[in-house]
file model19.tsv (TSV, C-alpha atoms)
chain	number	residue	atom	x	y	z
P	973	MET	CA	34.43	-23.98	-75.02
P	974	SER	CA	32.79	-26.98	-73.39
P	975	SER	CA	30.70	-29.27	-75.55
P	976	ALA	CA	27.07	-30.00	-74.76
P	977	PRO	CA	26.40	-33.15	-72.71
P	978	ARG	CA	25.46	-36.18	-74.73
P	979	PRO	CA	22.03	-37.66	-73.97
P	980	GLY	CA	21.62	-41.26	-72.99
P	981	LYS	CA	22.39	-43.62	-70.14
P	982	LEU	CA	25.51	-43.19	-68.05
P	983	VAL	CA	28.13	-45.92	-68.38
P	984	PHE	CA	30.63	-46.52	-65.56
P	985	LYS	CA	33.94	-48.29	-65.49
P	986	GLY	CA	33.49	-51.99	-64.85
P	987	SER	CA	29.80	-52.10	-65.78
P	988	GLY	CA	28.46	-54.12	-68.67
P	989	ASP	CA	30.58	-55.57	-71.42
P	990	ALA	CA	31.83	-52.28	-72.85
P	991	GLY	CA	35.55	-52.24	-73.55
P	992	LYS	CA	36.09	-55.96	-72.90
P	993	LYS	CA	38.17	-57.90	-75.37
P	994	LYS	CA	36.49	-61.00	-76.69
P	995	LYS	CA	38.59	-64.12	-76.53
P	996	LYS	CA	38.42	-66.37	-79.54
P	997	SER	CA	37.08	-69.74	-78.50
P	998	SER	CA	38.28	-72.95	-80.08
P	999	LYS	CA	36.25	-76.09	-80.74
P	1000	ARG	CA	37.85	-77.69	-77.70
P	1001	ASP	CA	36.80	-74.82	-75.40
P	1002	LYS	CA	33.27	-75.05	-76.73
P	1003	ALA	CA	33.11	-78.80	-76.05
P	1004	ASP	CA	34.47	-78.33	-72.52
P	1005	LYS	CA	31.90	-75.63	-71.85
P	1006	ASP	CA	29.05	-77.88	-72.95
P	1007	HIS	CA	30.13	-80.67	-70.60
P	1008	LYS	CA	31.32	-78.54	-67.69
P	1009	PRO	CA	29.08	-78.80	-64.61
P	1010	SER	CA	27.79	-75.71	-62.88
P	1011	LYS	CA	29.95	-74.48	-60.01
P	1012	ARG	CA	27.16	-72.72	-58.12
P	1013	LYS	CA	24.96	-75.02	-56.14
P	1014	ARG	CA	22.24	-73.64	-53.90
P	1015	GLY	CA	19.27	-75.00	-52.12
P	1016	ALA	CA	16.06	-75.03	-54.10
P	1017	GLY	CA	13.83	-72.07	-53.47
P	1018	SER	CA	16.49	-70.08	-51.56
P	1019	ASP	CA	16.28	-66.31	-51.21
P	1020	ASP	CA	19.53	-65.86	-53.13
P	1021	ASP	CA	18.08	-67.80	-56.06
P	1022	ASP	CA	15.01	-65.56	-56.18
P	1023	GLU	CA	17.07	-62.38	-55.86
P	1024	ASP	CA	19.64	-63.40	-58.48
P	1025	ALA	CA	16.91	-64.45	-60.91
P	1026	GLY	CA	15.41	-60.96	-60.86
P	1027	LEU	CA	18.68	-59.12	-61.46
P	1028	PRO	CA	19.29	-57.47	-64.82
P	1029	GLU	CA	22.46	-58.44	-66.65
P	1030	SER	CA	23.69	-54.85	-66.47
P	1031	GLY	CA	22.48	-51.42	-65.46
P	1032	TRP	CA	20.91	-50.40	-62.17
P	1033	THR	CA	18.84	-52.25	-59.57
P	1034	GLN	CA	17.41	-51.44	-56.15
P	1035	ALA	CA	19.60	-52.07	-53.11
P	1036	THR	CA	17.80	-54.24	-50.55
P	1037	ARG	CA	20.67	-55.12	-48.20
P	1038	ILE	CA	23.45	-53.25	-46.45
P	1039	ALA	CA	26.02	-55.26	-48.43
P	1040	HIS	CA	24.65	-53.72	-51.65
P	1041	LEU	CA	25.51	-50.17	-50.59
P	1042	THR	CA	28.85	-49.65	-52.26
P	1043	GLY	CA	30.04	-47.89	-55.39
P	1044	PRO	CA	27.97	-45.60	-57.65
P	1045	CYS	CA	24.38	-45.11	-56.54
P	1046	VAL	CA	21.29	-43.02	-57.21
P	1047	VAL	CA	19.17	-41.84	-54.26
P	1048	LEU	CA	15.53	-41.43	-55.29
P	1049	PHE	CA	12.58	-39.97	-53.42
P	1050	PRO	CA	9.38	-41.20	-55.09
P	1051	GLY	CA	7.06	-39.55	-52.57
P	1052	THR	CA	6.66	-36.21	-54.36
P	1053	SER	CA	4.15	-35.33	-57.06
P	1054	THR	CA	7.04	-35.59	-59.51
P	1055	PRO	CA	9.66	-38.23	-58.54
P	1056	SER	CA	12.95	-36.62	-57.53
P	1057	SER	CA	16.55	-37.66	-57.03
P	1058	LEU	CA	19.31	-36.41	-54.73
P	1059	TYR	CA	21.32	-33.85	-56.68
P	1060	ASN	CA	24.41	-31.73	-56.13
P	1061	PRO	CA	24.56	-28.77	-58.52
P	1062	THR	CA	27.93	-27.80	-59.92
P	1063	ASP	CA	27.84	-24.23	-58.64
P	1064	SER	CA	26.17	-24.94	-55.28
P	1065	PRO	CA	27.27	-26.56	-51.98
P	1066	HIS	CA	23.70	-27.67	-51.25
P	1067	ALA	CA	22.13	-31.11	-51.52
P	1068	VAL	CA	18.77	-30.71	-53.22
P	1069	LEU	CA	16.02	-32.82	-54.76
P	1070	ARG	CA	15.83	-32.50	-58.53
P	1071	PRO	CA	12.81	-33.85	-60.44
P	1072	VAL	CA	13.75	-36.74	-62.69
P	1073	ASP	CA	13.39	-36.42	-66.45
P	1074	LEU	CA	10.26	-38.28	-67.47
P	1075	ASP	CA	9.81	-39.53	-71.01
P	1076	ASP	CA	7.04	-38.02	-73.07
P	1077	GLY	CA	3.67	-39.45	-72.16
P	1078	VAL	CA	4.81	-40.98	-68.83
P	1079	ASP	CA	2.38	-40.33	-65.99
P	1080	PRO	CA	4.18	-39.49	-62.69
P	1081	ASP	CA	1.57	-41.56	-60.83
P	1082	THR	CA	2.54	-44.69	-62.78
P	1083	TRP	CA	6.29	-44.00	-62.70
P	1084	ARG	CA	8.36	-46.80	-61.14
P	1085	ALA	CA	11.75	-46.40	-59.51
P	1086	ALA	CA	12.73	-49.80	-60.89
P	1087	ASP	CA	12.67	-48.37	-64.43
P	1088	PHE	CA	14.77	-45.29	-63.66
P	1089	GLU	CA	18.33	-44.90	-64.87
P	1090	PRO	CA	20.37	-41.70	-64.41
P	1091	THR	CA	20.99	-39.41	-67.34
P	1092	ASP	CA	22.97	-36.72	-65.50
P	1093	VAL	CA	26.24	-37.41	-63.70
P	1094	HIS	CA	25.19	-35.10	-60.87
P	1095	GLN	CA	22.45	-37.56	-59.97
P	1096	VAL	CA	25.08	-40.18	-59.16
P	1097	PHE	CA	26.82	-40.44	-55.78
P	1098	VAL	CA	29.45	-42.91	-54.58
P	1099	LEU	CA	28.87	-44.89	-51.39
P	1100	ARG	CA	31.93	-46.14	-49.53
P	1101	LYS	CA	32.10	-48.09	-46.29
P	1102	LEU	CA	34.53	-46.45	-43.87
P	1103	THR	CA	37.19	-48.53	-42.16
P	1104	SER	CA	36.92	-46.52	-38.93
P	1105	SER	CA	34.56	-44.01	-37.38
P	1106	SER	CA	35.20	-40.90	-35.30
P	1107	ALA	CA	31.56	-40.50	-34.36
P	1108	ALA	CA	32.05	-41.01	-30.61
P	1109	ALA	CA	34.83	-38.41	-30.43
P	1110	ALA	CA	32.69	-35.91	-32.33
P	1111	LYS	CA	29.75	-36.44	-29.98
P	1112	ALA	CA	31.98	-36.05	-26.94
P	1113	ALA	CA	33.47	-32.83	-28.30
P	1114	ALA	CA	30.02	-31.47	-29.12
P	1115	ALA	CA	28.81	-32.26	-25.63
P	1116	GLY	CA	31.81	-30.50	-24.08
P	1117	GLU	CA	33.24	-33.64	-22.52
P	1118	GLY	CA	36.65	-33.19	-24.08
P	1119	GLU	CA	38.97	-36.11	-24.57
P	1120	LYS	CA	38.27	-39.40	-22.84
P	1121	GLY	CA	40.51	-40.72	-20.15
P	1122	ASP	CA	42.98	-43.53	-20.68
P	1123	GLY	CA	40.84	-45.96	-18.69
P	1124	GLU	CA	37.67	-45.44	-20.76
P	1125	GLU	CA	36.91	-47.61	-23.76
P	1126	GLU	CA	35.42	-46.52	-27.03
P	1127	GLU	CA	31.72	-47.43	-27.09
P	1128	GLU	CA	30.94	-46.35	-30.64
P	1129	THR	CA	31.56	-49.35	-32.89
P	1130	THR	CA	28.87	-48.79	-35.54
P	1131	GLU	CA	30.04	-49.07	-39.12
P	1132	ARG	CA	29.42	-45.99	-41.24
P	1133	TRP	CA	29.48	-44.88	-44.87
P	1134	SER	CA	30.48	-41.77	-46.79
P	1135	ILE	CA	28.44	-40.33	-49.68
P	1136	LYS	CA	30.49	-38.57	-52.36
P	1137	SER	CA	29.04	-36.50	-55.18
P	1138	ALA	CA	30.22	-36.33	-58.79
P	1139	GLU	CA	31.92	-33.03	-57.95
P	1140	GLY	CA	34.17	-34.76	-55.40
P	1141	ARG	CA	32.37	-33.28	-52.41
P	1142	TYR	CA	30.92	-35.27	-49.50
P	1143	LEU	CA	27.39	-35.11	-48.15
P	1144	SER	CA	27.54	-33.86	-44.55
P	1145	ALA	CA	25.27	-32.78	-41.71
P	1146	ASP	CA	26.15	-30.62	-38.71
P	1147	LYS	CA	24.74	-31.06	-35.20
P	1148	HIS	CA	21.91	-28.64	-36.01
P	1149	GLY	CA	20.75	-30.77	-38.93
P	1150	VAL	CA	21.97	-28.51	-41.75
P	1151	VAL	CA	22.90	-30.68	-44.73
P	1152	SER	CA	25.46	-29.56	-47.28
P	1153	CYS	CA	27.74	-31.00	-49.93
P	1154	ALA	CA	30.80	-28.79	-49.76
P	1155	THR	CA	33.70	-30.59	-48.05
P	1156	GLU	CA	36.33	-32.58	-49.94
P	1157	ALA	CA	37.47	-34.73	-47.00
P	1158	VAL	CA	35.70	-37.16	-44.69
P	1159	GLY	CA	35.20	-36.19	-41.05
P	1160	PRO	CA	32.57	-36.97	-38.40
P	1161	ALA	CA	29.99	-34.78	-40.14
P	1162	GLU	CA	30.43	-36.74	-43.38
P	1163	GLU	CA	29.67	-40.14	-41.80
P	1164	TRP	CA	26.26	-41.74	-42.33
P	1165	LEU	CA	24.59	-44.88	-41.04
P	1166	PRO	CA	22.29	-46.48	-43.67
P	1167	ILE	CA	19.21	-48.23	-42.26
P	1168	ILE	CA	17.31	-50.75	-44.40
P	1169	LEU	CA	13.54	-50.54	-43.94
P	1170	PRO	CA	12.42	-54.19	-44.36
P	1171	GLU	CA	8.78	-53.37	-45.15
P	1172	THR	CA	9.63	-51.41	-48.31
P	1173	ASN	CA	13.35	-52.20	-48.92
P	1174	GLN	CA	13.94	-48.47	-48.84
P	1175	VAL	CA	16.88	-46.84	-47.06
P	1176	ALA	CA	17.14	-44.15	-44.39
P	1177	PHE	CA	20.36	-42.32	-43.55
P	1178	GLN	CA	21.28	-41.26	-40.01
P	1179	SER	CA	24.06	-38.80	-39.22
P	1180	VAL	CA	26.54	-39.13	-36.36
P	1181	TRP	CA	24.48	-36.63	-34.37
P	1182	GLY	CA	21.44	-38.91	-34.42
P	1183	GLY	CA	19.40	-36.90	-36.92
P	1184	VAL	CA	17.83	-38.60	-39.93
P	1185	LEU	CA	18.15	-37.29	-43.49
P	1186	HIS	CA	14.74	-36.20	-44.78
P	1187	VAL	CA	13.14	-34.16	-47.55
P	1188	ASP	CA	11.88	-30.67	-46.75
P	1189	HIS	CA	10.50	-27.73	-48.72
P	1190	ALA	CA	12.55	-24.56	-48.98
P	1191	THR	CA	11.30	-21.73	-46.78
P	1192	ASP	CA	12.11	-19.12	-49.40
P	1193	ALA	CA	9.63	-19.17	-52.29
P	1194	ARG	CA	12.28	-17.61	-54.53
P	1195	ALA	CA	14.75	-20.44	-53.95
P	1196	ALA	CA	16.20	-21.99	-57.09
P	1197	TRP	CA	15.52	-25.48	-55.74
P	1198	PRO	CA	12.14	-25.81	-53.99
P	1199	MET	CA	13.04	-29.09	-52.28
P	1200	ARG	CA	16.08	-29.67	-50.12
P	1201	CYS	CA	17.48	-32.15	-47.60
P	1202	ASP	CA	17.75	-31.64	-43.86
P	1203	GLY	CA	19.27	-33.91	-41.23
P	1204	ASP	CA	17.28	-33.05	-38.11
P	1205	ALA	CA	14.46	-35.62	-38.21
P	1206	THR	CA	14.12	-37.48	-34.91
P	1207	LYS	CA	12.42	-40.61	-36.26
P	1208	LEU	CA	12.02	-42.60	-39.43
P	1209	GLY	CA	9.08	-41.72	-41.61
P	1210	PHE	CA	7.73	-41.19	-45.11
P	1211	ALA	CA	9.93	-38.15	-45.82
P	1212	SER	CA	13.10	-39.99	-44.73
P	1213	SER	CA	12.63	-43.13	-46.86
P	1214	PHE	CA	14.66	-43.26	-50.07
P	1215	VAL	CA	15.00	-45.77	-52.88
P	1216	VAL	CA	18.70	-46.42	-53.50
P	1217	LYS	CA	19.70	-47.91	-56.84
P	1218	VAL	CA	23.14	-49.43	-57.36
P	1219	GLN	CA	24.79	-51.26	-60.23
P	1220	ALA	CA	23.59	-54.80	-60.78
P	1221	ASP	CA	27.17	-56.11	-60.74
P	1222	VAL	CA	27.53	-54.93	-57.13
P	1223	VAL	CA	24.43	-56.86	-56.02
P	1224	ARG	CA	25.53	-59.96	-57.91
P	1225	ARG	CA	28.97	-59.79	-56.28
P	1226	ALA	CA	27.41	-59.43	-52.82
P	1227	LEU	CA	25.27	-62.52	-53.45
P	1228	ARG	CA	28.32	-64.57	-54.42
P	1229	GLU	CA	30.19	-63.45	-51.28
P	1230	ALA	CA	27.18	-64.37	-49.12
P	1231	GLU	CA	27.08	-67.83	-50.73
P	1232	LYS	CA	30.79	-68.31	-50.07
P	1233	ALA	CA	30.44	-67.27	-46.42
P	1234	ALA	CA	27.46	-69.59	-45.95
P	1235	GLY	CA	29.46	-72.51	-47.35
P	1236	THR	CA	32.33	-71.75	-44.97
P	1237	ARG	CA	29.97	-71.72	-41.99
P	1238	ARG	CA	28.54	-75.07	-43.01
P	1239	ARG	CA	32.01	-76.62	-43.26
P	1240	ILE	CA	32.90	-75.70	-39.65
P	1241	GLY	CA	29.75	-77.32	-38.31
P	1242	ASP	CA	27.02	-74.76	-37.66
P	1243	HIS	CA	29.45	-72.55	-35.77
P	1244	VAL	CA	28.81	-68.95	-36.87
P	1245	GLU	CA	31.26	-66.41	-35.53
P	1246	GLY	CA	29.49	-63.57	-33.73
P	1247	ASP	CA	26.43	-65.57	-32.60
P	1248	GLU	CA	25.15	-64.72	-29.13
P	1249	ASP	CA	25.17	-68.42	-28.15
P	1250	ASP	CA	28.77	-69.04	-29.14
P	1251	VAL	CA	29.76	-72.71	-29.41
P	1252	ASP	CA	32.08	-73.77	-26.58
P	1253	GLU	CA	35.61	-74.75	-27.62
P	1254	LEU	CA	35.42	-78.00	-25.67
P	1255	GLU	CA	32.20	-78.99	-27.43
P	1256	LEU	CA	33.82	-78.45	-30.83
P	1257	VAL	CA	36.79	-80.58	-29.77
P	1258	LYS	CA	34.52	-83.40	-28.57
P	1259	LYS	CA	32.63	-83.30	-31.85
P	1260	TYR	CA	35.53	-83.29	-34.33
P	1261	GLN	CA	38.69	-84.59	-32.62
P	1262	VAL	CA	39.70	-88.21	-32.00
P	1263	GLY	CA	39.68	-89.23	-28.32
P	1264	ALA	CA	38.43	-85.79	-27.27
P	1265	ASP	CA	36.38	-87.22	-24.40
P	1266	VAL	CA	39.46	-87.12	-22.19
P	1267	GLN	CA	38.75	-85.83	-18.67
P	1268	LEU	CA	40.54	-82.64	-17.64
P	1269	ASP	CA	41.82	-82.21	-14.08
P	1270	GLY	CA	41.19	-79.12	-12.01
P	1271	GLU	CA	44.60	-77.59	-12.70
P	1272	THR	CA	44.17	-77.89	-16.46
P	1273	ARG	CA	40.70	-76.38	-16.32
P	1274	ALA	CA	42.01	-73.45	-14.28
P	1275	ARG	CA	44.82	-72.92	-16.79
P	1276	LEU	CA	42.33	-72.94	-19.68
P	1277	ALA	CA	40.05	-70.48	-17.89
P	1278	HIS	CA	43.00	-68.13	-17.34
P	1279	ALA	CA	44.02	-68.47	-21.03
P	1280	LYS	CA	40.48	-67.66	-22.12
P	1281	LYS	CA	40.55	-64.38	-20.20
P	1282	GLN	CA	43.85	-63.49	-21.89
P	1283	GLY	CA	42.48	-64.39	-25.33
P	1284	LYS	CA	44.86	-67.34	-25.77
P	1285	LEU	CA	42.40	-70.20	-25.42
P	1286	GLY	CA	43.26	-71.70	-28.82
P	1287	GLU	CA	46.96	-71.97	-27.99
P	1288	ALA	CA	46.25	-73.48	-24.56
P	1289	MET	CA	43.84	-76.06	-26.03
P	1290	LEU	CA	46.43	-77.08	-28.63
P	1291	GLU	CA	48.99	-77.59	-25.87
P	1292	VAL	CA	46.56	-79.77	-23.89
P	1293	ARG	CA	45.78	-81.88	-26.97
P	1294	THR	CA	49.49	-82.34	-27.73
P	1295	LYS	CA	50.28	-83.49	-24.19
P	1296	SER	CA	47.32	-85.86	-24.07
P	1297	LYS	CA	48.53	-87.63	-27.26
P	1298	ARG	CA	44.90	-88.28	-28.13
P	1299	ASP	CA	44.57	-86.08	-31.22
P	1300	LYS	CA	45.42	-87.85	-34.47
P	1301	TYR	CA	46.98	-84.61	-35.77
P	1302	CYS	CA	49.21	-84.09	-32.72
P	1303	TRP	CA	51.17	-87.37	-32.33

call {"tool": "encode", "arguments": {"input": "model19.tsv", "output": "structure tokens"}}
result
Amino acid sequence: MSSAPRPGKLVFKGSGDAGKKKKKSSKRDKADKDHKPSKRKRGAGSDDDDEDAGLPESGWTQATRIAHLTGPCVVLFPGTSTPSSLYNPTDSPHAVLRPVDLDDGVDPDTWRAADFEPTDVHQVFVLRKLTSSSAAAAKAAAAGEGEKGDGEEEEETTERWSIKSAEGRYLSADKHGVVSCATEAVGPAEEWLPIILPETNQVAFQSVWGGVLHVDHATDARAAWPMRCDGDATKLGFASSFVVKVQADVVRRALREAEKAAGTRRRIGDHVEGDEDDVDELELVKKYQVGADVQLDGETRARLAHAKKQGKLGEAMLEVRTKSKRDKYCW
């Protein structure tokens, strides 16, 4: 006989200070801590400072960036008369909208998503970034194109996410826009592309078929759940905008990783990998290497151009520097 669920906030592994052993600190450790300088240095008034300052120490907070969308999450839709959350019932393969439990005396009109914390495990889903996507193959198969030839390249390079319920089933949408939560493995139908809406910091989810997840009312008045999700919307709108809340530790970790990446970019001299105006290799050499103003003859330039096409420009440049005996690291 199963016991009744205990009321209260849900606690997940790795969140908060629960279960952590406290290390006894000596007088020496305390003195070192008082005199130890801060490791994190940021520019005054930066966006990361403002965002980190508003984060709670534990619990849940709203995701405002793609990097925040990982781990346990709650998908809220505040646009109904009673705020609702994405929900996967135990005995149902459907993805529905379940009204949130409001405290006594709380007016739905004054309810804020920032104050919400889940009380039922079925309100919690797990977001995971996929290492590869089979979206292009699924679209080709649906269009009747079959397999691609050996000479064709894969054009679909968009990163995608999976959304897993507490029951171990994945949120999916078929090419007709029917949304369900019944499969226990990830395929093309279970891949989603999250889109951050900058005006509201809300999130929209697009399936591999191009449809957008949105809230709709059940056609059957006798349905157990009057509000459901469909994946056939053709454009972003009010009904397809969701508030996604994740654990504060995830957001804090993403901020630290962004700081670390920004520091790395500064150390290599304003050269950000992936920029449209990529810095030329020769310009970087002239800027940072000793005697790099050496003139290259036509044969060397042709050899470098050929190496660049083959993706071996770095090796060719190192060989040129070694032969020129002008680099202080290559004597």

call {"tool": "atom_distance", "arguments": {"input": "model19.tsv", "atom1": "CA of Thr1155 (chain P)", "atom2": "CA of Tyr1142 (chain P)"}}
result
5.6 Å

call {"tool": "atom_distance", "arguments": {"input": "model19.tsv", "atom1": "CA of Ala1226 (chain P)", "atom2": "CA of Leu1165 (chain P)"}}
result
18.9 Å

call {"tool": "closest_residue", "arguments": {"input": "model19.tsv", "among": "P:Asp1188, P:Glu1291, P:Asp1221, P:Glu1231", "to": "Val1068 (chain P)", "atoms": "all atoms listed in the file"}}
result
P:Asp1188

call {"tool": "atom_distance", "arguments": {"input": "model19.tsv", "atom1": "CA of Lys1147 (chain P)", "atom2": "CA of His1094 (chain P)"}}
result
26.0 Å

call {"tool": "closest_residue", "arguments": {"input": "model19.tsv", "among": "P:Ser1134, P:Thr1294, P:Thr1082, P:Ser1212", "to": "Ser1104 (chain P)", "atoms": "all atoms listed in the file"}}
result
P:Ser1134

call {"tool": "decode", "arguments": {"input": "model19.tsv", "residues": "region 1130-1148 of chain P", "atoms": "N, CA, C and O atoms", "output": "mmCIF file, in the first residue's frame"}}
result
data_model
loop_
_atom_site.group_PDB
_atom_site.id
_atom_site.type_symbol
_atom_site.label_atom_id
_atom_site.label_comp_id
_atom_site.auth_asym_id
_atom_site.auth_seq_id
_atom_site.Cartn_x
_atom_site.Cartn_y
_atom_site.Cartn_z
ATOM 1 N N THR P 1130 21.216 22.467 -36.424
ATOM 2 C CA THR P 1130 20.658 23.139 -35.256
ATOM 3 C C THR P 1130 20.719 22.228 -34.035
ATOM 4 O O THR P 1130 20.377 21.054 -34.100
ATOM 5 N N GLU P 1131 21.160 22.784 -32.919
ATOM 6 C CA GLU P 1131 21.180 22.029 -31.683
ATOM 7 C C GLU P 1131 19.763 21.877 -31.153
ATOM 8 O O GLU P 1131 18.957 22.797 -31.258
ATOM 9 N N ARG P 1132 19.492 20.731 -30.541
ATOM 10 C CA ARG P 1132 18.136 20.467 -30.050
ATOM 11 C C ARG P 1132 18.184 19.848 -28.660
ATOM 12 O O ARG P 1132 19.228 19.379 -28.214
ATOM 13 N N TRP P 1133 17.014 19.860 -28.005
ATOM 14 C CA TRP P 1133 16.882 19.401 -26.625
ATOM 15 C C TRP P 1133 15.792 18.339 -26.545
ATOM 16 O O TRP P 1133 14.859 18.306 -27.356
ATOM 17 N N SER P 1134 15.898 17.497 -25.538
ATOM 18 C CA SER P 1134 14.823 16.556 -25.206
ATOM 19 C C SER P 1134 14.184 17.010 -23.892
ATOM 20 O O SER P 1134 14.817 17.652 -23.062
ATOM 21 N N ILE P 1135 12.884 16.654 -23.731
ATOM 22 C CA ILE P 1135 12.124 17.037 -22.541
ATOM 23 C C ILE P 1135 11.544 15.755 -21.940
ATOM 24 O O ILE P 1135 10.644 15.140 -22.521
ATOM 25 N N LYS P 1136 12.049 15.356 -20.788
ATOM 26 C CA LYS P 1136 11.682 14.086 -20.180
ATOM 27 C C LYS P 1136 10.833 14.320 -18.941
ATOM 28 O O LYS P 1136 11.147 15.171 -18.110
ATOM 29 N N SER P 1137 9.751 13.567 -18.823
ATOM 30 C CA SER P 1137 8.847 13.719 -17.688
ATOM 31 C C SER P 1137 9.332 12.902 -16.503
ATOM 32 O O SER P 1137 10.277 12.109 -16.598
ATOM 33 N N ALA P 1138 8.659 13.071 -15.359
ATOM 34 C CA ALA P 1138 9.021 12.327 -14.154
ATOM 35 C C ALA P 1138 8.722 10.838 -14.295
ATOM 36 O O ALA P 1138 9.257 10.016 -13.553
ATOM 37 N N GLU P 1139 7.877 10.482 -15.259
ATOM 38 C CA GLU P 1139 7.548 9.079 -15.499
ATOM 39 C C GLU P 1139 8.548 8.405 -16.430
ATOM 40 O O GLU P 1139 8.382 7.233 -16.771
ATOM 41 N N GLY P 1140 9.575 9.155 -16.868
ATOM 42 C CA GLY P 1140 10.572 8.579 -17.772
ATOM 43 C C GLY P 1140 10.165 8.590 -19.223
ATOM 44 O O GLY P 1140 10.801 7.933 -20.049
ATOM 45 N N ARG P 1141 9.116 9.344 -19.549
ATOM 46 C CA ARG P 1141 8.651 9.422 -20.935
ATOM 47 C C ARG P 1141 9.002 10.795 -21.522
ATOM 48 O O ARG P 1141 9.060 11.799 -20.812
ATOM 49 N N TYR P 1142 9.219 10.824 -22.841
ATOM 50 C CA TYR P 1142 9.672 12.048 -23.508
ATOM 51 C C TYR P 1142 8.519 12.745 -24.220
ATOM 52 O O TYR P 1142 7.653 12.089 -24.833
ATOM 53 N N LEU P 1143 8.544 14.067 -24.134
ATOM 54 C CA LEU P 1143 7.555 14.886 -24.838
ATOM 55 C C LEU P 1143 7.864 14.824 -26.327
ATOM 56 O O LEU P 1143 9.006 15.044 -26.745
ATOM 57 N N SER P 1144 6.862 14.533 -27.141
ATOM 58 C CA SER P 1144 7.076 14.372 -28.581
ATOM 59 C C SER P 1144 5.937 15.007 -29.355
ATOM 60 O O SER P 1144 4.856 15.267 -28.818
ATOM 61 N N ALA P 1145 6.188 15.261 -30.631
ATOM 62 C CA ALA P 1145 5.176 15.809 -31.538
ATOM 63 C C ALA P 1145 5.354 15.162 -32.904
ATOM 64 O O ALA P 1145 6.477 15.081 -33.412
ATOM 65 N N ASP P 1146 4.256 14.677 -33.490
ATOM 66 C CA ASP P 1146 4.360 14.105 -34.831
ATOM 67 C C ASP P 1146 4.214 15.202 -35.879
ATOM 68 O O ASP P 1146 4.036 16.385 -35.550
ATOM 69 N N LYS P 1147 4.274 14.829 -37.158
ATOM 70 C CA LYS P 1147 4.250 15.832 -38.226
ATOM 71 C C LYS P 1147 2.889 16.490 -38.374
ATOM 72 O O LYS P 1147 2.765 17.503 -39.065
ATOM 73 N N HIS P 1148 1.861 15.940 -37.736
ATOM 74 C CA HIS P 1148 0.537 16.553 -37.762
ATOM 75 C C HIS P 1148 0.308 17.487 -36.572
ATOM 76 O O HIS P 1148 -0.769 18.077 -36.455
#
